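Novice: Structure file work_24.cif (mmCIF, C-alpha atoms) right here:
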```cif
data_model
loop_
_atom_site.label_atom_id
_atom_site.label_comp_id
_atom_site.auth_asym_id
_atom_site.auth_seq_id
_atom_site.Cartn_x
_atom_site.Cartn_y
_atom_site.Cartn_z
CA MET A 1 0.00 0.00 0.00
CA LEU A 2 1.34 3.39 -1.07
CA LEU A 3 0.20 6.97 -0.45
CA TYR A 4 0.55 9.90 -2.85
CA VAL A 5 0.01 13.46 -1.58
CA HIS A 6 -0.37 16.22 -4.18
CA ILE A 7 0.61 19.80 -3.30
CA PRO A 8 -0.52 22.00 -6.22
CA PHE A 9 0.93 25.31 -5.05
CA CYS A 10 3.76 26.82 -7.11
CA GLU A 11 5.74 30.05 -7.10
CA SER A 12 5.67 30.10 -10.90
CA LYS A 13 4.42 27.87 -13.70
CA CYS A 14 7.09 26.29 -15.91
CA PRO A 15 6.22 26.40 -19.64
CA TYR A 16 6.79 22.65 -20.17
CA CYS A 17 4.77 21.50 -17.15
CA ALA A 18 1.44 19.71 -17.59
CA PHE A 19 1.04 18.70 -13.93
CA GLY A 20 -1.84 20.12 -11.92
CA SER A 21 -0.61 23.27 -10.21
CA VAL A 22 -1.67 26.80 -9.34
CA VAL A 23 0.21 30.05 -8.74
CA GLY A 24 -0.78 32.69 -6.19
CA ARG A 25 -3.46 30.69 -4.35
CA GLN A 26 -1.62 30.29 -1.03
CA ASN A 27 -4.62 31.80 0.79
CA LEU A 28 -6.26 28.38 0.36
CA THR A 29 -3.37 26.42 1.91
CA SER A 30 -4.97 25.84 5.31
CA ALA A 31 -8.32 24.79 3.84
CA TYR A 32 -6.52 22.57 1.34
CA PHE A 33 -4.66 20.65 4.04
CA ASP A 34 -7.93 20.26 5.98
CA ALA A 35 -9.48 18.78 2.83
CA MET A 36 -6.58 16.35 2.30
CA ILE A 37 -6.81 15.12 5.90
CA ALA A 38 -10.56 14.57 5.54
CA ASP A 39 -9.97 12.77 2.23
CA PHE A 40 -7.31 10.52 3.79
CA ARG A 41 -9.51 9.61 6.76
CA GLU A 42 -12.38 8.57 4.51
CA GLN A 43 -10.15 6.50 2.23
CA ILE A 44 -8.60 4.69 5.19
CA LEU A 45 -12.08 3.60 6.25
CA LYS A 46 -13.28 2.79 2.73
CA PHE A 47 -10.34 0.54 1.92
CA ASP A 48 -9.93 -0.80 5.46
CA VAL A 49 -6.28 0.23 5.73
CA LYS A 50 -4.63 -1.14 8.85
CA ASN A 51 -2.03 0.44 11.10
CA GLY A 52 1.47 0.02 9.71
CA GLU A 53 0.21 -0.87 6.22
CA ILE A 54 1.46 2.13 4.20
CA GLU A 55 4.94 1.29 2.89
CA THR A 56 5.77 4.56 1.12
CA VAL A 57 4.60 8.17 0.94
CA PHE A 58 5.38 10.54 -1.91
CA ILE A 59 4.62 14.26 -1.56
CA GLY A 60 4.63 15.69 -5.08
CA GLY A 61 3.41 18.71 -6.91
CA GLY A 62 3.33 21.45 -7.74
CA THR A 63 6.02 22.54 -5.32
CA PRO A 64 5.79 21.09 -1.79
CA SER A 65 8.59 23.39 -0.60
CA ALA A 66 6.49 26.43 -1.60
CA VAL A 67 4.30 25.64 1.43
CA ASP A 68 5.46 26.48 4.94
CA GLY A 69 6.56 23.36 6.78
CA SER A 70 4.14 23.93 9.66
CA TYR A 71 1.17 23.01 7.44
CA TYR A 72 2.48 19.45 7.12
CA GLU A 73 2.54 18.73 10.86
CA ARG A 74 -1.14 17.77 11.24
CA LEU A 75 -1.06 15.78 7.99
CA PHE A 76 1.82 13.68 9.29
CA GLU A 77 0.12 13.26 12.67
CA THR A 78 -2.90 11.87 10.81
CA ILE A 79 -1.02 9.40 8.64
CA ALA A 80 1.60 8.35 11.24
CA PRO A 81 -0.30 5.36 12.71
CA TYR A 82 -0.71 3.83 9.25
CA LEU A 83 2.96 4.02 8.28
CA ALA A 84 5.17 0.94 8.24
CA ALA A 85 8.13 1.10 10.60
CA ASN A 86 10.61 1.51 7.74
CA ALA A 87 8.38 3.55 5.42
CA GLU A 88 10.10 5.51 2.66
CA ILE A 89 8.76 9.08 2.80
CA THR A 90 9.73 11.36 -0.09
CA THR A 91 9.06 15.03 -0.65
CA GLU A 92 9.70 16.97 -3.81
CA ALA A 93 11.27 20.41 -3.44
CA ASN A 94 12.68 23.24 -5.51
CA PRO A 95 16.24 24.46 -4.88
CA ASN A 96 15.17 28.08 -4.32
CA SER A 97 12.52 27.32 -1.67
CA ALA A 98 13.96 24.31 0.16
CA SER A 99 15.74 26.10 3.01
CA LEU A 100 17.65 24.29 5.72
CA ALA A 101 14.86 25.16 8.15
CA TRP A 102 12.17 23.70 5.84
CA LEU A 103 14.16 20.53 5.15
CA SER A 104 14.92 20.05 8.86
CA GLN A 105 11.24 20.48 9.70
CA MET A 106 10.20 17.91 7.10
CA LYS A 107 12.88 15.53 8.40
CA SER A 108 11.42 15.91 11.91
CA TYR A 109 8.04 14.73 10.57
CA GLY A 110 9.60 11.56 9.17
CA VAL A 111 10.65 12.51 5.64
CA ASN A 112 13.73 10.46 4.71
CA ARG A 113 14.04 11.13 0.98
CA VAL A 114 14.02 14.41 -0.96
CA SER A 115 13.71 14.99 -4.70
CA PHE A 116 14.96 18.31 -6.06
CA GLY A 117 13.62 19.77 -9.31
CA ALA A 118 16.99 20.96 -10.54
CA GLN A 119 16.44 20.27 -14.30
CA SER A 120 19.84 21.70 -15.35
CA PHE A 121 23.08 23.28 -14.16
CA PHE A 122 23.28 25.66 -17.15
CA GLU A 123 21.86 29.13 -16.56
CA ASP A 124 20.65 29.55 -20.14
CA LYS A 125 18.83 26.22 -20.00
CA LEU A 126 17.23 27.05 -16.65
CA LYS A 127 15.96 30.30 -18.13
CA PHE A 128 14.69 28.48 -21.24
CA LEU A 129 12.80 26.01 -19.01
CA GLY A 130 11.29 28.84 -16.97
CA ARG A 131 12.99 27.83 -13.74
CA ILE A 132 13.36 30.49 -11.03
CA HIS A 133 16.46 29.08 -9.36
CA ASP A 134 20.08 29.19 -10.46
CA ALA A 135 22.79 26.54 -10.44
CA ARG A 136 24.31 27.84 -7.21
CA GLN A 137 21.03 27.21 -5.40
CA ILE A 138 21.07 23.56 -6.46
CA TYR A 139 24.38 23.04 -4.69
CA GLU A 140 23.14 24.96 -1.65
CA ALA A 141 19.96 22.86 -1.47
CA ILE A 142 21.94 19.60 -1.57
CA ILE A 143 24.21 20.84 1.22
CA SER A 144 21.16 21.88 3.26
CA ALA A 145 19.51 18.48 2.76
CA LYS A 146 22.62 16.66 3.95
CA THR A 147 22.98 19.04 6.89
CA ALA A 148 19.37 18.27 7.82
CA GLY A 149 20.25 14.56 7.86
CA LEU A 150 18.69 13.61 4.52
CA GLU A 151 21.07 11.30 2.70
CA ASN A 152 18.69 9.75 0.17
CA ILE A 153 18.60 12.60 -2.37
CA ASN A 154 17.29 12.68 -5.91
CA VAL A 155 17.97 15.34 -8.53
CA ASP A 156 15.68 15.75 -11.54
CA LEU A 157 17.25 16.62 -14.88
CA ILE A 158 15.68 17.43 -18.24
CA TYR A 159 17.53 16.65 -21.47
CA GLY A 160 16.64 16.63 -25.12
CA THR A 161 16.11 20.41 -25.31
CA LYS A 162 17.28 22.50 -28.24
CA LEU A 163 20.22 23.68 -26.12
CA ASP A 164 21.62 20.22 -25.42
CA THR A 165 24.77 18.79 -26.94
CA GLN A 166 26.87 15.82 -25.90
CA LYS A 167 29.41 18.16 -24.37
CA ARG A 168 26.80 19.95 -22.28
CA LEU A 169 25.13 16.71 -21.17
CA GLU A 170 28.52 15.36 -20.13
CA GLN A 171 28.87 18.42 -17.90
CA GLU A 172 25.38 17.87 -16.47
CA ALA A 173 26.42 14.34 -15.49
CA GLN A 174 29.70 15.59 -14.05
CA ASN A 175 27.78 18.00 -11.83
CA ILE A 176 25.71 15.07 -10.58
CA ARG A 177 28.92 13.25 -9.73
CA ASN A 178 30.18 16.34 -7.88
CA LEU A 179 26.99 16.56 -5.81
CA GLY A 180 27.29 13.01 -4.49
CA VAL A 181 23.56 12.27 -4.59
CA SER A 182 22.00 8.81 -4.39
CA HIS A 183 19.54 9.11 -7.29
CA VAL A 184 18.89 10.91 -10.57
CA SER A 185 15.70 11.14 -12.60
CA ALA A 186 16.51 12.21 -16.17
CA TYR A 187 13.56 13.03 -18.41
CA SER A 188 13.56 13.79 -22.11
CA LEU A 189 11.70 17.05 -22.77
CA THR A 190 8.17 16.43 -23.99
CA LEU A 191 6.04 19.13 -25.57
CA GLU A 192 2.83 18.56 -23.63
CA GLU A 193 -0.55 19.72 -24.87
CA ASN A 194 -2.05 22.78 -23.17
CA THR A 195 1.35 24.13 -22.14
CA PRO A 196 3.27 27.11 -23.61
CA PHE A 197 5.75 24.62 -25.15
CA ALA A 198 3.01 22.71 -27.01
CA GLY A 199 3.69 22.41 -30.73
CA LYS A 200 7.06 24.17 -30.59
CA ILE A 201 8.93 21.39 -32.35
CA SER A 202 12.21 23.32 -32.51
CA TYR A 203 12.39 23.41 -28.69
CA ALA A 204 13.13 19.69 -28.37
CA LYS A 205 15.67 17.24 -29.74
CA ASP A 206 14.05 13.82 -29.97
CA SER A 207 17.32 11.97 -30.38
CA PRO A 208 17.76 8.34 -29.26
CA ARG A 209 21.51 8.84 -29.67
CA LEU A 210 21.47 11.80 -27.27
CA ALA A 211 19.32 9.84 -24.82
CA LYS A 212 21.72 6.88 -24.88
CA PHE A 213 24.64 9.26 -24.37
CA MET A 214 22.94 10.79 -21.32
CA ILE A 215 22.14 7.38 -19.85
CA ASP A 216 25.73 6.21 -20.28
CA ARG A 217 27.14 9.35 -18.65
CA ILE A 218 24.86 9.04 -15.61
CA GLU A 219 25.79 5.39 -15.17
CA GLU A 220 29.46 6.35 -15.41
CA ALA A 221 28.77 8.73 -12.51
CA GLY A 222 27.95 5.62 -10.45
CA LEU A 223 24.15 5.59 -10.68
CA LYS A 224 22.79 2.42 -12.31
CA GLN A 225 19.69 2.69 -14.49
CA TYR A 226 16.71 0.71 -13.19
CA GLU A 227 13.90 2.36 -15.18
CA ILE A 228 13.87 4.33 -18.41
CA SER A 229 14.27 7.65 -16.54
CA ASN A 230 15.60 6.62 -13.12
CA PHE A 231 19.07 5.84 -11.81
CA GLY A 232 20.68 4.98 -8.50
CA GLN A 233 19.19 3.97 -5.15
CA ILE A 234 15.76 2.59 -6.07
CA CYS A 235 12.76 4.76 -5.18
CA LYS A 236 10.49 2.25 -3.43
CA HIS A 237 7.40 4.36 -4.07
CA ASN A 238 7.84 4.46 -7.83
CA LEU A 239 8.78 0.77 -7.85
CA GLY A 240 5.45 0.09 -6.17
CA TYR A 241 3.60 1.81 -9.02
CA TRP A 242 5.40 -0.33 -11.59
CA GLN A 243 4.67 -3.48 -9.59
CA GLY A 244 0.95 -2.70 -9.66
CA LYS A 245 0.53 -2.11 -5.91
CA ASN A 246 -2.55 -0.34 -4.55
CA TYR A 247 -2.11 3.33 -3.74
CA LEU A 248 -4.18 6.00 -2.06
CA ALA A 249 -4.02 9.54 -3.43
CA VAL A 250 -5.03 12.72 -1.66
CA GLY A 251 -5.11 16.24 -3.05
CA ALA A 252 -6.52 17.97 -6.11
CA TYR A 253 -5.41 16.45 -9.43
CA ALA A 254 -4.27 13.25 -7.67
CA VAL A 255 -5.09 9.76 -8.95
CA GLY A 256 -5.35 6.63 -6.82
CA PHE A 257 -5.54 2.92 -7.67
CA TRP A 258 -7.20 -0.03 -5.96
CA ARG A 259 -7.18 -3.51 -7.53
CA ASP A 260 -9.00 -2.89 -10.79
CA ARG A 261 -10.19 0.69 -10.32
CA ARG A 262 -8.60 4.10 -10.74
CA PHE A 263 -9.85 7.04 -8.67
CA TYR A 264 -9.56 10.59 -9.98
CA ASN A 265 -9.78 13.50 -7.54
CA ALA A 266 -11.15 16.87 -8.63
CA SER A 267 -8.86 18.59 -11.13
CA ASN A 268 -9.73 21.99 -9.71
CA LEU A 269 -8.39 23.42 -6.45
CA ASN A 270 -11.62 25.09 -5.32
CA ALA A 271 -13.71 22.03 -6.17
CA TYR A 272 -11.41 19.76 -4.16
CA VAL A 273 -11.44 22.05 -1.12
CA LYS A 274 -15.24 22.18 -1.30
CA ASN A 275 -15.64 18.39 -1.59
CA PRO A 276 -12.48 16.26 -1.32
CA HIS A 277 -14.52 13.06 -1.37
CA ALA A 278 -15.80 13.43 -4.93
CA LYS A 279 -14.07 10.89 -7.19
CA LYS A 280 -14.39 9.86 -10.80
CA ILE A 281 -13.96 6.10 -11.01
CA GLU A 282 -12.47 4.22 -13.95
CA ASN A 283 -13.06 0.47 -14.00
CA LEU A 284 -10.18 -1.37 -15.65
CA SER A 285 -10.65 -4.62 -17.50
CA ALA A 286 -8.28 -7.57 -17.18
CA ASP A 287 -6.90 -6.76 -20.64
CA GLU A 288 -6.28 -3.12 -19.70
CA LEU A 289 -4.49 -4.11 -16.51
CA ASN A 290 -2.40 -6.64 -18.43
CA LEU A 291 -1.41 -4.01 -20.98
CA GLU A 292 -0.32 -1.63 -18.21
CA ARG A 293 1.80 -4.35 -16.59
CA ILE A 294 3.50 -5.05 -19.92
CA PHE A 295 4.34 -1.39 -20.55
CA LEU A 296 5.48 -0.66 -16.98
CA GLY A 297 7.42 -3.90 -16.72
CA ALA A 298 9.29 -3.37 -19.99
CA ARG A 299 10.36 0.12 -18.89
CA SER A 300 11.88 -1.07 -15.61
CA ILE A 301 13.62 -3.78 -13.62
CA VAL A 302 10.18 -5.13 -12.71
CA GLY A 303 10.05 -6.94 -16.05
CA ILE A 304 7.10 -8.71 -17.65
CA GLU A 305 5.73 -11.77 -15.85
CA GLN A 306 5.60 -14.76 -18.18
CA ASN A 307 2.45 -16.14 -16.54
CA SER A 308 0.57 -12.89 -17.23
CA LEU A 309 0.93 -13.30 -21.00
CA ASN A 310 -1.55 -15.14 -23.17
CA ALA A 311 -0.34 -17.69 -25.73
CA GLU A 312 0.06 -15.18 -28.56
CA GLN A 313 1.84 -12.64 -26.36
CA GLU A 314 4.18 -15.37 -25.09
CA GLN A 315 5.10 -16.29 -28.68
CA ARG A 316 5.90 -12.67 -29.49
CA ALA A 317 7.99 -12.35 -26.32
CA LEU A 318 9.94 -15.45 -27.37
CA LEU A 319 10.64 -13.88 -30.76
CA LEU A 320 12.05 -10.80 -29.03
CA LYS A 321 14.16 -13.01 -26.77
CA LYS A 322 15.58 -14.83 -29.81
CA SER A 323 16.38 -11.50 -31.49
CA GLY A 324 18.28 -10.32 -28.40
CA LYS A 325 15.90 -7.54 -27.33
CA LEU A 326 14.62 -9.38 -24.25
CA LYS A 327 16.30 -11.55 -21.66
CA PHE A 328 14.48 -14.14 -19.55
CA LYS A 329 15.14 -14.86 -15.89
CA ASN A 330 13.09 -16.38 -13.06
CA GLY A 331 9.81 -16.34 -14.95
CA ARG A 332 10.09 -12.77 -16.25
CA TYR A 333 11.13 -11.06 -19.46
CA TYR A 334 13.34 -7.97 -19.21
CA ALA A 335 14.17 -5.34 -21.83
CA LYS A 336 17.90 -5.16 -22.50
CA ASN A 337 17.54 -1.52 -23.51
CA PHE A 338 14.83 0.49 -21.74
CA LEU A 339 14.78 2.98 -24.62
CA THR A 340 13.13 0.26 -26.72
CA ALA A 341 10.51 -0.49 -24.05
CA ASP A 342 7.54 1.09 -25.80
CA GLU A 343 8.36 -0.65 -29.08
CA ILE A 344 8.71 -3.97 -27.24
CA SER A 345 5.46 -3.48 -25.32
CA LEU A 346 3.45 -2.67 -28.44
CA PHE A 347 4.82 -5.76 -30.19
CA ILE A 348 4.08 -8.09 -27.29
CA ALA A 349 0.61 -6.65 -26.67
CA GLY A 350 -0.28 -7.18 -30.34
#
```
As structure tokens, please, write out the structure in this file.

Specialist:
Amino acid sequence: MLLYVHIPFCESKCPYCAFGSVVGRQNLTSAYFDAMIADFREQILKFDVKNGEIETVFIGGGTPSAVDGSYYERLFETIAPYLAANAEITTEANPNSASLAWLSQMKSYGVNRVSFGAQSFFEDKLKFLGRIHDARQIYEAIISAKTAGLENINVDLIYGTKLDTQKRLEQEAQNIRNLGVSHVSAYSLTLEENTPFAGKISYAKDSPRLAKFMIDRIEEAGLKQYEISNFGQICKHNLGYWQGKNYLAVGAYAVGFWRDRRFYNASNLNAYVKNPHAKKIENLSADELNLERIFLGARSIVGIEQNSLNAEQEQRALLLKKSGKLKFKNGRYYAKNFLTADEISLFIAG
């Protein structure tokens, strides 16, 4: 059992971002946290969640560090009885707003993993991506996190922009090495619909060669790839998603999952505050769940379970194994190159 907490508040909206977030609505912060706590309490009862059953918590956004740390205290008091003894608790943060005081406060609540939205160490690229921090603040945030006692640290990077070259990506990876962090998430820039970057083809470089170069450089920095965009000390929360575990989700824009149903919270801040219990429910068929497992398994070390494939899918998986694109071990198929995962998944699914 996992728990996702969505904090939609941001100091500014990045032009590539399609996640649910709002700017300048901090006056609703207190009411929003009240709504999340009420939402959590109802879900605990609905799904009969026992004490100690929640293995991981992920506080995402938006920008969790844009909210004063004191607001989180009552939320953590509410969820504390349901947390496993060794629960992984992650918070996202931005380098410019994650002060030592904020990080120390979150650590005192039980946070033991932090994920910084760095995106780049080049000032021109940060400006292009609409980020409001500079490279110096990334280094300062990492130092503050370590000072606060947080050793499990992720840094997000974006590559595949019009500004990227092999030389510049090599420097990005070198900066990661210099920081001494335990994890990197490296995402290729996507031009999402309904964002300022939508349709601006010249802004991105969709280059498999550049992607492979970036992956190799990060691994050379000592962080092993375990999913198409993730490297280093495995994030247990994300691994749980890929394994198909149940997860609760509180907050506007958040999506939860239970067995064969997906639960969508209100995608509007005011609507969620007014009624946090309203959910849109998507019922997933066995075929839809199977397809998700194939796609998520191929993209990660989870792999594709042989017993979950029908006879035709098994034959196609065997063809890929013979051609060297898949390896087979302990009842599961694994992609040898995660960059080919979508191609592999589509072929197996038929």

Novice: Give me, as a list in words, all polymer residues having an atom no more than 10 Å from Thr165 (chain A), counting only C-alpha atoms and skipping those fewer than 3 positions away in the same chain.

Specialist: Tyr159, Gly160, Thr161, Lys162, Arg168, Leu169, Glu170, Gln171, Lys205, Leu210, Phe213 and Met214 of chain A

Novice: Please expand the PyMOL selection byres ((chain A and resi 272) around 10) into the concrete residues it hits in this file, giving the result as a list in words.

Specialist: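 Residues picked by the PyMOL selection byres ((chain A and resi 272) around 10): Ala31, Tyr32, Ala35, Met36, Asp39, Val250, Gly251, Ala252, Tyr253, Asn265, Ala266, Ser267, Asn268, Leu269, Asn270, Ala271, Val273, Lys274, Asn275, Pro276, His277, Ala278 and Lys279 of chain A.
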
Novice: How many Å separate CA of Phe47 (chain A) from CA of Ile79 (chain A)?

Specialist: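 Between these atoms lies a distance of 14.5 Å.
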
Novice: Residues picked by the PyMOL selection byres ((chain A and resi 14) around 12) here, as a PyMOL selection string?

Specialist: chain A and resi 10-13+15-23+62-63+117+119+126-133+192+195-197

Novice: Which of these residues is nearest to Leu223 (chain A), using only C-alpha atoms: A:Pro208, A:Trp242, A:Lys200, A:Val155?

Specialist: A:Val155

Novice: Using CA of Gly331 (chain A) and CA of Ile215 (chain A) as the two end points, give the distance in Å to one decimal.

Specialist: 27.2 Å

Novice: Figure out the distance between CA of Gln105 (chain A) and CA of Ala141 (chain A), please, to one decimal in Å.

Specialist: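 A separation of 14.4 Å between them.
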
Novice: Using all atoms listed in the file, which protein or nucleic acid residues come within 6 Å of Ser185 (chain A)? Drop anything in the same chain fewer than 6 positions from it, and give the result as number ranges by chain.

Specialist: A: 156, 229-230

Novice: Any idea what's packed within 9 Å of region 282-298 of chain A, counting all atoms listed in the file, ignoring anything in its chain fewer than 5 positions away? Could you give it as a list in words?

Specialist: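 Near neighbours after the sequence-gap exclusion: Glu227, Tyr241, Trp242, Gln243, Gly244, Arg259, Asp260, Arg261, Arg262, Phe263, Tyr264, Gly303, Ile304, Glu305, Ser308, Leu309, Tyr333, Tyr334, Ala335, Phe338, Thr340, Ala341, Asp342, Ile344, Ser345, Leu346, Ile348 and Ala349 of chain A.
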
Novice: Would you pick out the contacts of Glu53 (chain A) at 7 Å or less, using all atoms listed in the file, so that residues sharing its chain but fewer than 5 positions from it are not included, and give the list as a ChimeraX atom specification?

Specialist: /A:1,82-84

Novice: The PyMOL selection byres ((chain A and resi 135) around 8) - which residues does that actually catch in the file I just gave you? List them as a PDB file with C-alpha atoms, in the frame of the given file.

Specialist:
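Written output follows (out.pdb):
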```
ATOM      1  CA  SER A 120      19.840  21.700 -15.350  1.00  0.00           C
ATOM      2  CA  PHE A 121      23.080  23.280 -14.160  1.00  0.00           C
ATOM      3  CA  PHE A 122      23.280  25.660 -17.150  1.00  0.00           C
ATOM      4  CA  GLU A 123      21.860  29.130 -16.560  1.00  0.00           C
ATOM      5  CA  HIS A 133      16.460  29.080  -9.360  1.00  0.00           C
ATOM      6  CA  ASP A 134      20.080  29.190 -10.460  1.00  0.00           C
ATOM      7  CA  ARG A 136      24.310  27.840  -7.210  1.00  0.00           C
ATOM      8  CA  GLN A 137      21.030  27.210  -5.400  1.00  0.00           C
ATOM      9  CA  ILE A 138      21.070  23.560  -6.460  1.00  0.00           C
ATOM     10  CA  TYR A 139      24.380  23.040  -4.690  1.00  0.00           C
TER      11      TYR A 139
END
```

Novice: Compare A:Ala85, A:Val5, A:Leu318, A:Val49 by their minimum atom-to-atom distance to Pro64 (chain A), counting all atoms listed in the file, and give me the closest one.

Specialist: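 Going through A:Ala85, A:Val5, A:Leu318, A:Val49 one by one, the smallest distance to Pro64 (chain A) is for A:Val5.
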
Novice: Give me the residues within 10 Å of Phe116 (chain A) as a list in words, counting only C-alpha atoms and dropping any in the same chain fewer than 6 places off.

Specialist: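 The neighbour list is Thr63, Ser65, Thr91, Glu92, Ala93, Asn94, Pro95, Asn96, Ala98, Ile138, Ala141, Ile142, Ala145, Ile153, Asn154, Val155, Asp156, Leu157, Val184 and Ser185 of chain A.
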
Novice: Smallest atom-to-atom distance to Pro81 (chain A): which of A:Ile281, A:Ile143, A:Val255, A:Ile44, using all atoms listed in the file?

Specialist: A:Ile44

Novice: Compare A:Ile7, A:Ala38, A:Val114, A:Met106 by their minimum atom-to-atom distance to Ala66 (chain A), counting only C-alpha atoms, and give me the closest one.

Specialist: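 Counting only C-alpha atoms, the residue closest to Ala66 (chain A) is A:Ile7.
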
Novice: Rank nothing, just name the residue among A:Lys212, A:Lys107, A:Arg74, A:Lys167 nearest to Ile37 (chain A), using all atoms listed in the file.

Specialist: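 Nearest to Ile37 (chain A): A:Arg74.
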
Novice: I need the residue nearest Leu2 (chain A) from this list: A:Ser207, A:Asn246, A:Ser115, A:Ser97. Use all atoms listed in the file for the distance.

Specialist: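 Under the stated criterion, the closest residue is A:Asn246.
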